[in-house]
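Q: Got a structure here, written out as structure tokens. Questions coming.
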Amino acid sequence: MRARVVFVLIAVVLLAAFPMVAEKFYLQLVTKIMILSIFALSLDVLVGYTGLVSLGHAAYFGVAAYSLALLAPSDNAANVWVTLPLALAASAAAALVIGALVVRTAGVYFIMVTLAFAQMVYYFFHDTRVAGGSDGIYVNERPQTFIPGLDLANDAHFYYAVLMLLVLVFALLAAMLRSPFGRALQGIKANERRMRALGYATLRYKLAAFVIAGTLAGLAGYLTAAKEGYVNPEMLAWHQSGTVLMMLILGGMGTLIGAVLGTFTYVLVQEWFSGITRHWQLLMGAFIIAVVLVLPQGLAGLARARARRSPAPRPPGDANE
Amino acid sequence: MEWLIQVLNSVQYGLLLFLVASGLTLIFGIMGVINLAHGSFYMIGAYLAFALVERIGNLWVALPVGIALAAALGLMIEWLLISRLYRRDHLHQVLLTFGLILVFEELRSILLGDDVHSVPVPALLSASLPLTDTLSYPVYRLFISAVCLALAAAMYATIQKTRLGARIRAAASNPEMAQSLGLDIRWIHALVFASGVALAAFAGMIAAPVSSVFPGMGNQVLIVCFVVVVIGGIGSLKGALVAALLIGFCDTFGKVLFPEFAGVAVYLLMAAVLLFRPAGLFGRA
């Protein structure tokens, strides 16, 4: 337990010091990774803690991104204090409507149905002219907080804002998972029927988890739209949903640190592969297959297995070794 | 008469979807594996049709060759990868087959490029049936519907009426028991998986002349097939047939009546079914 806290603190200090030494490219890369970490953390609430495997999480990411793009004025910067709550509300609303339908299903149905509804949102933005169709739209200027001294258009300032949000989301989720609400979610993952028998309205808990996860995914989507300066339907395509699921598994789901570690590893591996060849997707596919076969518990599982293998007191009476 | 053409198109699209979705639902129903790469096999079939017809010049020769290649690919994938997933979480199945999609798409891009191709309709079936003075209907589309119907009947007969079908059903309902009674479960799984792959590839091959061959066609069909399986109920062939036809009509008439929202129509249908029957029309709750 204490080791984990120390690890997180060291990681935060390192991330905070990084802009002092990093070039622009790496600054932007780590900004992107931290944003995607928020995305992976949001999915961990569903997959890792509640046992709901969503393959449509990109929809809520994309809805908030599109909200910013549609709300932003074309000639000057949008106000964060107006656009962010509205964007999060849009994601939460989408998660509430879709969630109300999907939490009634379980197992493999849940996987297929979340994917199908996400695809519906994708086609909505792709086929209609509401928001630029398949081309997407630009966010001409990064939104601003209008706090004196903080200029989000500056990459370093934006980096620190994202880092602060990542720490905030991490702390919030850590607290939530220790609360009775979080315990109930983990109970549902372990044995939903028993939780129902204990008197928990499990559908409502699952729906609440779905909306929380969707809203936090929206935060990541909003930040991505602000960072990249444009949105397009690919942001909510199922490819994106599969990728974030993979980040989570790579790190080890059901641990918050694992979600962040997995995101860092995944994006860095992807950067490495795409530097080697134009056909990096081939390597990425092979990498994913290898991880599933060799490392099903993720990097966090690897650490656990190592901890177990380290010299432990031998049980009495075990003289065979 | 315009509407008759749309009805025929709906039926043809629905039956083709059934062919792909039946493999997906059987693989899940019998083996308990959710296979995201199923759409890729459809894509591979279409590209096989394109590549083989270009070399051999004849779809009738290309079809059996393509089916054999696809079945061999299916056996290999089952043996190498899928067989390791039977006792695993659905999550791992999703991710491994997601990785497979990336591999297949990129291999396709390396071997055959990213262009859109077309496959000529075989000369024998290139005629059109005149419906009125101005409207006619291509014979090839009727041929697709007929072949799909015949295959659906053959599948039903195999599973319900033959010894092999009884074995497959036994393996689906209780694998351990079937195994201890002397059935070779591994062989049955391999057979079912390879048949599913061959069905999807075959659907891609016969669809190629009417739908053109393009990157991403596999993912498009995969997601619609998920909708078919969800509406029909997992593991139910009858459900898949009814749902596929429903979607065929919903999609075709959606495109005619509300072109901008056609992409959304089938998902609204799914939402409506989920509201009233969360386990699908023919699913066991």
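Residue numbering restarts at 1 in every chain; chains get A, B, ... in the order shown in the structure tokens, and ligands count up from 1 in that same order.
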Taking 5 positions as the minimum chain separation for residues in the same chain, which residues sit within 10 Å of region 186-191 of chain A when counting only C-alpha atoms? Answer as a list in words.
A: Val45, Leu46, Val47, Gly48, Tyr49, Thr50, Gly51, Leu52, Leu177, Arg178, Pro180, Phe181, Arg196, Tyr200, Thr202, Leu203, Tyr205, Lys206 and Gly254 of chain A
Q: Extract, using only C-alpha atoms, all DNA, RNA and protein residues at most 12 Å from Leu135 (chain B), discarding same-chain residues fewer than 5 positions from it, and format them as a PyMOL selection string.
A: chain B and resi 1-6+128-130
Q: So that I have them on file, write out the residues from the current selection with C-alpha atoms, as a PDB file, in the first residue's frame.
A:
ATOM      1  CA  MET B   1     -42.969  -1.422 -59.237  1.00  0.00           C
ATOM      2  CA  GLU B   2     -40.240   0.690 -57.656  1.00  0.00           C
ATOM      3  CA  TRP B   3     -41.093  -0.793 -54.272  1.00  0.00           C
ATOM      4  CA  LEU B   4     -40.778  -4.373 -55.556  1.00  0.00           C
ATOM      5  CA  ILE B   5     -37.156  -3.658 -56.410  1.00  0.00           C
ATOM      6  CA  GLN B   6     -36.586  -2.308 -52.911  1.00  0.00           C
ATOM      7  CA  SER B 128     -31.643  -8.420 -66.038  1.00  0.00           C
ATOM      8  CA  LEU B 129     -35.249  -9.445 -65.646  1.00  0.00           C
ATOM      9  CA  PRO B 130     -37.570  -6.806 -67.079  1.00  0.00           C
TER      10      PRO B 130
END
Q: Do a neighbour search on Ile212 (chain A) at 9 Å with only C-alpha atoms, toss out local chain neighbours closer than 5 positions, and write the hits as a list of chain:residue names.
A: A:Ser42, A:Val45, A:Ala92, A:Ala95, A:Leu207, A:Ala217
Q: Which residues are near Tyr160 (chain A)? Cut-off 10 Å, only C-alpha atoms, ignore same chain within fewer than 6 positions. Put them as a count of residues only.
A: 7
Q: Using only C-alpha atoms, which of A:Ala201, A:Val113, A:Ala65, A:Ala300 sits nearest chain B?
A: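 Using only C-alpha atoms, the shortest distance to chain B belongs to A:Val113.
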Q: Taking a cut-off of 9 Å and counting only C-alpha atoms, can you build a table that, for each residue of chain B near chain A, reports the nearest atom pair and how far apart they are in Å (one decimal), sorted by chain then residue number, as a tab-separated table?
A:
residue	atom	partner	partner_atom	distance
B:Ile34	CA	A:Val108	CA	7.3
B:Leu81	CA	A:Leu293	CA	8.4
B:Arg84	CA	A:Leu293	CA	7.9
B:Leu85	CA	A:Leu293	CA	8.6
B:His90	CA	A:Val108	CA	6.9
B:Leu91	CA	A:Val53	CA	6.8
B:His92	CA	A:Val292	CA	6.1
B:Gln93	CA	A:Val292	CA	8.4
B:Val94	CA	A:Gly242	CA	8.5
B:Leu95	CA	A:Met246	CA	6.7
B:Leu96	CA	A:Ile289	CA	4.9
B:Thr97	CA	A:Ile289	CA	7.8
B:Phe98	CA	A:Gly242	CA	7.1
B:Gly99	CA	A:Gly285	CA	4.1
B:Leu100	CA	A:Gly285	CA	6.0
B:Ile101	CA	A:Gly285	CA	7.4
B:Leu102	CA	A:Gly285	CA	5.0
B:Val103	CA	A:Leu282	CA	4.7
B:Phe104	CA	A:Leu282	CA	7.9
B:Glu105	CA	A:Leu282	CA	8.1
B:Glu106	CA	A:Leu282	CA	5.5
B:Leu107	CA	A:Leu282	CA	7.1
B:Ser109	CA	A:His279	CA	8.5
B:Ile110	CA	A:His279	CA	7.8
B:Ile223	CA	A:Ala116	CA	6.4
B:Val224	CA	A:Ala116	CA	7.9
B:Phe226	CA	A:Met112	CA	5.9
B:Val227	CA	A:Ala116	CA	6.6
B:Val229	CA	A:Met112	CA	8.8
B:Val230	CA	A:Tyr109	CA	6.7
B:Ile234	CA	A:Tyr109	CA	8.1
B:Glu260	CA	A:Thr128	CA	5.7
B:Phe261	CA	A:Phe124	CA	7.3
B:Ala262	CA	A:Asp127	CA	8.6
B:Gly263	CA	A:Tyr123	CA	5.6
B:Val264	CA	A:Met120	CA	5.3
B:Ala265	CA	A:Met120	CA	8.5
B:Val266	CA	A:Met120	CA	8.6
B:Tyr267	CA	A:Met120	CA	6.1
B:Leu268	CA	A:Met120	CA	8.4
B:Met270	CA	A:Val113	CA	8.6
B:Ala271	CA	A:Leu101	CA	7.1
B:Leu274	CA	A:Leu101	CA	6.9
B:Leu275	CA	A:Leu101	CA	6.7
B:Pro278	CA	A:Thr105	CA	6.1
B:Ala279	CA	A:Thr105	CA	7.4
Q: Could you check the closest approach to Ala203 (chain B) for each of B:Ala172, B:Leu63, B:Ala51, B:Ala166 and tell me which residue wins, using only C-alpha atoms?
A: B:Leu63
Q: Determine the nearest neighbour of Lys227 (chain A) from the options A:Ala72, A:Val130, A:Ala153, A:Val8, counting only C-alpha atoms.
A: A:Ala153
Q: With only C-alpha atoms as the atoms that count, which of B:Ala178, B:Leu149, B:Val221, B:Pro215 lies nearest to Leu112 (chain B)?
A: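 Among the listed residues, B:Pro215 lies closest to Leu112 (chain B).
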Q: Under the rule that only C-alpha atoms are counted, which of B:Tyr137, B:Tyr47, B:Phe193, B:Phe143 is the nearest residue to Leu111 (chain B)?
A: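 Distance minimum relative to Leu111 (chain B) lands on B:Tyr47.
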Q: Leaving out Leu84 (chain A) and any residue of its chain fewer than 6 positions from it, which residues lie within 12 Å of it when counting only C-alpha atoms, given as a list of chain:residue names?
A: A:Val63, A:Ala64, A:Ala65, A:Tyr66, A:Ser67, A:Leu68, A:Ala69, A:Leu71, A:Ala72, A:Ala78, A:Ala90, A:Ser91, A:Pro143, A:Gln144, A:Thr145, A:Thr215, A:Leu216, A:Gly218, A:Leu219, A:Ala220, A:Gly221, A:Tyr222, A:Leu223, A:Ala225, A:Ala226
Q: Run DSSP on the backbone of this structure and report the residues of region 13-121 of chain B it assigns to helix (DSSP H, G or I), as a ChimeraX atom specification.
A: /B:13-31,38-56,59-80,82-84,90-112
Q: When you look at Pro64 (chain B) with a cut-off of 12 Å (counting only C-alpha atoms), what residues show up, excluding the ones that are within fewer than 6 positions of it in the same chain? I need them as JSON, numbers by chain.
A: {"B": [45, 48, 49, 52, 53, 58, 70, 71, 198, 199, 201, 202, 205, 206]}
Q: Report, in Å to a single decimal, how far apart CA of Thr224 (chain A) and CA of Ala93 (chain A) are.
A: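 So the answer is 19.6 Å.
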Q: Can you work out the spacing between CA of Leu125 (chain B) and CA of Gly23 (chain B) in Å, to one decimal?
A: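 Atom-to-atom, CA of Leu125 (chain B) to CA of Gly23 (chain B), that is 26.9 Å.
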Q: Please compute the CA of Val256 (chain B)-CA of Phe18 (chain B) distance, one decimal, in Å.
A: 21.8 Å
Q: Find the spatial neighbours of Ser212 (chain B), counting only C-alpha atoms, within a cut-off of 8 Å - ignore same-chain residues fewer than 5 positions away - and output them as an MDAnalysis selection string.
A: chainID B and resid 116:119 207
